[in-house]
Amino acid sequence: MRKKLTIRKTVIGKLTGICLLLTVVYSASAQTNDALSNPIRLNQIGFYPGATKKAVVLSGDSRSFTIQTSNRSVVYTGKLIPSVNSSFAGKTTYIADFTTFNKPGQYLLNVAGLGNSYPFTIQNNVHQKVAAGVVKAYYFMRASTPLRARYAGKWNRAEGHPDDKVLIHPSAASDKRPAGTIISSPGGWYDAGDYNKYVVNSGISTCTLLSLYQDFPAYMNTVKLNIPESGNGLPDILNEVLWNLRWMLTMQDPNDGGVYHKLTNAAFDKFEMPDKDATPRYVVQKGTAATLDFAAVMAQAATIFKQFPKQTPGLADSCIAAAKNAWSWAVKNPNVAYRQEENNIKFTPAITTGGYGDNNFTDEFIWAASAMFTATQDAAYINNINLLPDDKMPVPTWSQVKLLGYYALINDTHAADLKAIKELPEIKKRLLNTADGLIKGVEDNAYQTSMTLSARHFGWGSNSDAANEGVLLLQAYRLSHDKKYLDNALADLDYLLGRNATGYSYVTGFGSKTPMHPHHRPSASDGVVDPIPGLLVGGPNPGMQDGIKVPSRVPDEAYIDDTRAYAANEITINWNAPIAYLANAIEALQKELSATEKSTK
Ligand code: 9MR
């Protein structure tokens, strides 16, 4: 079945938009694939010996289940327990809990009459490869460079989008840089399935990866990515982040500190390899969101790269100077929204690529001020900002970044100075309350995860919500050392890697049933059957904004592995970042926990 599907994928990649008949046949077979999917849902990578181990079985009454080795000897027998609450589909699920079985090895779970699960592993470091894989995915997103086979394997490709001659769009014109001025803005990561580069979305993505390094430096020093810079004395995750950070620096207008909202083609590229695109690229209007997000990231980067003066001479100083200039621009221009439709009435060419428009900058100010304070220890940045403008605690997304500011403050190591922040105890309390709210009732839930507790979690990019919930729970764990938060963060990772209503491990190349047709131009056009590995797809989204019918509108089932389905099956840098944080942080914490257990034995 998989082979049949992937052959179709290649055909679609070549003939996108032309061959309607084939795509109809293709989606029919994708749906058949879903219908045949395995009724035993579990993390398809595996489990830590000492951690919770659960599978969710779609039917089975109160039958027993067994854990078997690959040569079919039974090593554990347990009973399926019906879930207290039904799933979004209105069905009782059956929980197979084998937490007490902790012997490392390779296994499968069998339910008489239903068959075997996909194989899984029990071992320490069980997520190490997938955790590194979701960070390596950023290398595959690099613009303005060829990807060599040494690093990219069969996904090697020619250089795309040099971006050394980018036009100032009329919406971005200023005295010193009139429309049509050429600037150089190379590098950076492509945003997603498309080939554009957006500052707002780069902001949250870069911050999340930098935070992963800041929060778990010892573990992240051990993560080797095999990228061109490997071995240069910097941790690989920082090497990868630098590819985007250096691009971001070019998006600031040196004349006034404002930051262009995005670097983009006028319209989305065709489904083709990146080197095939020769259409003009523009930077568009400066905006408050892009400028504050930029300030926040540059401030955070300054804090980190200060520790590496030899490897990155002058960089920390450049970052903090850029952050300060951006902050000043935003203070002078506190309300400049990027409104693409309005611009398109006034300016040509019309720009129809991703909007990332936002009208409310309260959260961006909080994030930037917190990061600026953390970098400079200058309390003026936060004293002039209301850190608690309302009692909402939204899980971070590109348009909701308040918690990124809170994360910066609670992790600030200058504890003495933090006493100056009178709101800090309240921020900590709210964070723990939010974490408690996220997991309330999990034990009764059909899939036993925070993600599946509310249908509201299932919008565009729902998988990034699952990952960002996991990150929030890990922040709560770091604050409280209460293991329930870590266990539930791990459950969110279990969800993403297969314990869910579609039976997919949503990361390309990691697991037994993984997306083969992400909405991702290189994966669809490179002639390689397997998509680029390590990419988290958007996931279930009953919204169907792309017009592609999903096999089910049930919130957590509304997914289709179809190249055209950008509202359910695209990939982006802001969705990969929280799973990168989640998977690597969990690896780091498990390592710490098992070391403590050993030393106390
Ligand atoms: O992730 C974005 C989602 O929150 C928005 O609802 C959606 C529509 O504006 O856009 C998504 O972002 C896309 C961006 O605009 C262009 N690159 C691909 C992104 C993921 O689909």
# chains A, B, ... in the order shown; residues from 1 in each chain; ligands from 1

$ residues_near_ligand --ligand "ligand 1" --cutoff "6 Å" --atoms "only C-alpha atoms and all ligand atoms" --output "JSON, numbers by chain"
{"A": [191, 192, 194, 354, 355, 356, 460, 566, 570, 572]}

$ closest_atom_pairs --of "region 131-213 of chain A" --to "region 285-297 of chain A" --cutoff "10 Å" --atoms "only C-alpha atoms" --output "Markdown table"
| residue | atom | partner | partner_atom | distance |
| --- | --- | --- | --- | --- |
| A:Ile168 | CA | A:Gln285 | CA | 8.8 |
| A:His169 | CA | A:Gln285 | CA | 7.5 |
| A:Pro170 | CA | A:Gln285 | CA | 8.1 |
| A:Ser171 | CA | A:Gln285 | CA | 4.9 |
| A:Ala172 | CA | A:Gln285 | CA | 4.0 |
| A:Ala173 | CA | A:Gln285 | CA | 7.7 |
| A:Ser174 | CA | A:Gln285 | CA | 9.9 |
| A:Tyr198 | CA | A:Ala290 | CA | 8.5 |
| A:Val199 | CA | A:Ala290 | CA | 5.6 |
| A:Val200 | CA | A:Ala290 | CA | 5.0 |
| A:Asn201 | CA | A:Ala290 | CA | 8.7 |
| A:Ser202 | CA | A:Asp293 | CA | 8.5 |
| A:Gly203 | CA | A:Asp293 | CA | 5.3 |
| A:Ile204 | CA | A:Asp293 | CA | 7.5 |
| A:Ser205 | CA | A:Val297 | CA | 9.5 |
| A:Thr206 | CA | A:Val297 | CA | 6.9 |
| A:Cys207 | CA | A:Val297 | CA | 5.7 |
| A:Thr208 | CA | A:Val297 | CA | 9.5 |
| A:Leu210 | CA | A:Val297 | CA | 8.6 |

$ residues_around --residues "Gly538 (chain A)" --least-positions-apart "5" --cutoff "9 Å" --atoms "only C-alpha atoms" --output "list in words"
Trp460, Gly461, Ser462, Asn463, Ser464, Tyr506, Tyr559, Tyr566, Ala567, Ala568, Asn569, Glu570, Ile571, Thr572 and Trp575 of chain A

$ write_last_selection --atoms "C-alpha atoms" --output "PDB file, in the first residue's frame"
ATOM      1  CA  TRP A 460      -4.446  24.935  11.850  1.00  0.00           C
ATOM      2  CA  GLY A 461      -1.178  23.436  13.079  1.00  0.00           C
ATOM      3  CA  SER A 462      -2.785  21.527  15.961  1.00  0.00           C
ATOM      4  CA  ASN A 463       0.313  19.376  16.331  1.00  0.00           C
ATOM      5  CA  SER A 464       2.305  22.446  17.308  1.00  0.00           C
ATOM      6  CA  TYR A 506       3.327  12.866  12.700  1.00  0.00           C
ATOM      7  CA  TYR A 559      -6.186  14.739   8.977  1.00  0.00           C
ATOM      8  CA  TYR A 566      -1.780  22.598   3.423  1.00  0.00           C
ATOM      9  CA  ALA A 567      -4.193  23.173   6.316  1.00  0.00           C
ATOM     10  CA  ALA A 568      -3.530  19.675   7.732  1.00  0.00           C
ATOM     11  CA  ASN A 569      -0.339  18.401   6.160  1.00  0.00           C
ATOM     12  CA  GLU A 570       2.057  21.315   5.733  1.00  0.00           C
ATOM     13  CA  ILE A 571       5.235  21.619   7.759  1.00  0.00           C
ATOM     14  CA  THR A 572       6.714  24.822   9.208  1.00  0.00           C
ATOM     15  CA  TRP A 575       5.782  23.692  14.418  1.00  0.00           C
TER      16      TRP A 575
END

$ residues_around --residues "Thr508 (chain A)" --least-positions-apart "2" --cutoff "10 Å" --atoms "only C-alpha atoms" --output "PyMOL selection string"
chain A and resi 130+133-134+137+504-506+510-518+530-537+571

$ residues_around --residues "Leu42 (chain A)" --least-positions-apart "3" --cutoff "10 Å" --atoms "only C-alpha atoms" --output "number ranges by chain"
A: 38-39, 45-47, 53-57, 96, 109, 117-120, 447, 494-500, 503-505

$ write_last_selection --atoms "C-alpha atoms" --output "PDB file, in the first residue's frame"
ATOM      1  CA  ASN A  38      -3.731  -0.250  13.157  1.00  0.00           C
ATOM      2  CA  PRO A  39      -6.288  -0.091  16.024  1.00  0.00           C
ATOM      3  CA  ILE A  45       9.421   4.982  18.712  1.00  0.00           C
ATOM      4  CA  GLY A  46       9.123   3.630  22.239  1.00  0.00           C
ATOM      5  CA  PHE A  47       9.391   4.200  25.963  1.00  0.00           C
ATOM      6  CA  LYS A  53       3.969   3.306  29.118  1.00  0.00           C
ATOM      7  CA  LYS A  54       0.504   3.363  27.639  1.00  0.00           C
ATOM      8  CA  ALA A  55      -1.168   2.331  24.442  1.00  0.00           C
ATOM      9  CA  VAL A  56      -4.717   3.197  23.431  1.00  0.00           C
ATOM     10  CA  VAL A  57      -6.729   0.440  21.779  1.00  0.00           C
ATOM     11  CA  ALA A  96      -3.226  -0.722  27.891  1.00  0.00           C
ATOM     12  CA  LEU A 109       1.818  -5.179  21.921  1.00  0.00           C
ATOM     13  CA  SER A 117       0.945  -2.969  17.348  1.00  0.00           C
ATOM     14  CA  TYR A 118       3.813  -1.481  15.397  1.00  0.00           C
ATOM     15  CA  PRO A 119       7.132  -2.520  16.958  1.00  0.00           C
ATOM     16  CA  PHE A 120       8.577  -0.302  19.690  1.00  0.00           C
ATOM     17  CA  TYR A 447      -6.104   9.254  24.707  1.00  0.00           C
ATOM     18  CA  ASP A 494       3.483  10.013  22.817  1.00  0.00           C
ATOM     19  CA  TYR A 495       0.492  11.683  21.138  1.00  0.00           C
ATOM     20  CA  LEU A 496       2.639  13.191  18.393  1.00  0.00           C
ATOM     21  CA  LEU A 497       4.502   9.940  17.788  1.00  0.00           C
ATOM     22  CA  GLY A 498       1.423   7.752  17.383  1.00  0.00           C
ATOM     23  CA  ARG A 499      -0.891   7.565  20.414  1.00  0.00           C
ATOM     24  CA  ASN A 500      -3.640   9.456  18.671  1.00  0.00           C
ATOM     25  CA  GLY A 503      -2.538   6.312  14.166  1.00  0.00           C
ATOM     26  CA  TYR A 504       0.165   8.414  12.526  1.00  0.00           C
ATOM     27  CA  SER A 505       3.489   9.300  14.009  1.00  0.00           C
TER      28      SER A 505
END

$ atom_distance --atom1 "CA of Thr92 (chain A)" --atom2 "CA of Asp61 (chain A)"
9.1 Å

$ select_by_dssp --residues "region 275-488 of chain A" --states "helix (DSSP H, G or I)" --output "count of residues only"
127

$ atom_distance --atom1 "CA of Asp277 (chain A)" --atom2 "CA of Ser185 (chain A)"
16.4 Å

$ closest_residue --among "A:Ile560, A:Asp317, A:Leu582, A:Lys402" --to "Ala489 (chain A)" --atoms "only C-alpha atoms"
A:Leu582

$ residues_around --residues "Ala302 (chain A)" --least-positions-apart "2" --cutoff "8 Å" --atoms "only C-alpha atoms" --output "PyMOL selection string"
chain A and resi 298-300+304-306+315-320+375

$ residues_around --residues "Ala350 (chain A)" --least-positions-apart "5" --cutoff "9 Å" --atoms "only C-alpha atoms" --output "list in words"
Ala266, Ala267, Gln340, Glu341, Asn343, Asn344 and Ile345 of chain A

$ write_last_selection --atoms "N, CA, C and O atoms" --output "compact mmCIF listing (two decimals), in the first residue's frame"
# COMPACT_ATOMS: atom_id res chain seq x y z
N ALA A 266 6.12 37.52 -4.84
CA ALA A 266 4.81 38.18 -4.85
C ALA A 266 3.71 37.14 -4.59
O ALA A 266 2.77 37.39 -3.84
N ALA A 267 3.86 35.95 -5.19
CA ALA A 267 2.87 34.88 -4.99
C ALA A 267 3.62 33.60 -4.63
O ALA A 267 4.83 33.51 -4.86
N GLN A 340 -2.03 42.98 4.82
CA GLN A 340 -1.68 42.67 3.43
C GLN A 340 -2.75 43.12 2.44
O GLN A 340 -2.42 43.71 1.41
N GLU A 341 -4.01 42.86 2.78
CA GLU A 341 -5.07 43.22 1.82
C GLU A 341 -5.08 44.73 1.58
O GLU A 341 -5.21 45.18 0.45
N ASN A 343 -2.59 46.80 1.91
CA ASN A 343 -1.41 47.16 1.11
C ASN A 343 -1.64 46.84 -0.37
O ASN A 343 -1.19 47.58 -1.24
N ASN A 344 -2.33 45.74 -0.62
CA ASN A 344 -2.51 45.33 -2.01
C ASN A 344 -3.40 46.28 -2.80
O ASN A 344 -3.38 46.29 -4.02
N ILE A 345 -4.21 47.07 -2.09
CA ILE A 345 -5.00 48.08 -2.79
C ILE A 345 -4.09 49.24 -3.20
O ILE A 345 -4.23 49.82 -4.26

$ select_by_dssp --residues "region 223-324 of chain A" --states "strand (DSSP E or B)" --output "list in words"
Gln252, Val259, Tyr260, Lys262, Leu263, Thr264, Asn265, Arg281, Tyr282, Val283 and Lys286 of chain A

$ closest_residue --among "A:Asp556, A:Asp391, A:Asp269, A:Asp275" --to "Gly459 (chain A)" --atoms "only C-alpha atoms"
A:Asp556

$ closest_atom_pairs --of "region 435-510 of chain A" --to "region 577-580 of chain A" --cutoff "8 Å" --atoms "only C-alpha atoms" --output "tab-separated table"
residue	atom	partner	partner_atom	distance
A:Ser464	CA	A:Pro578	CA	6.6
A:Ala467	CA	A:Ile579	CA	5.2
A:Asn468	CA	A:Pro578	CA	5.5
A:Val471	CA	A:Pro578	CA	6.7
A:Leu493	CA	A:Ile579	CA	7.8
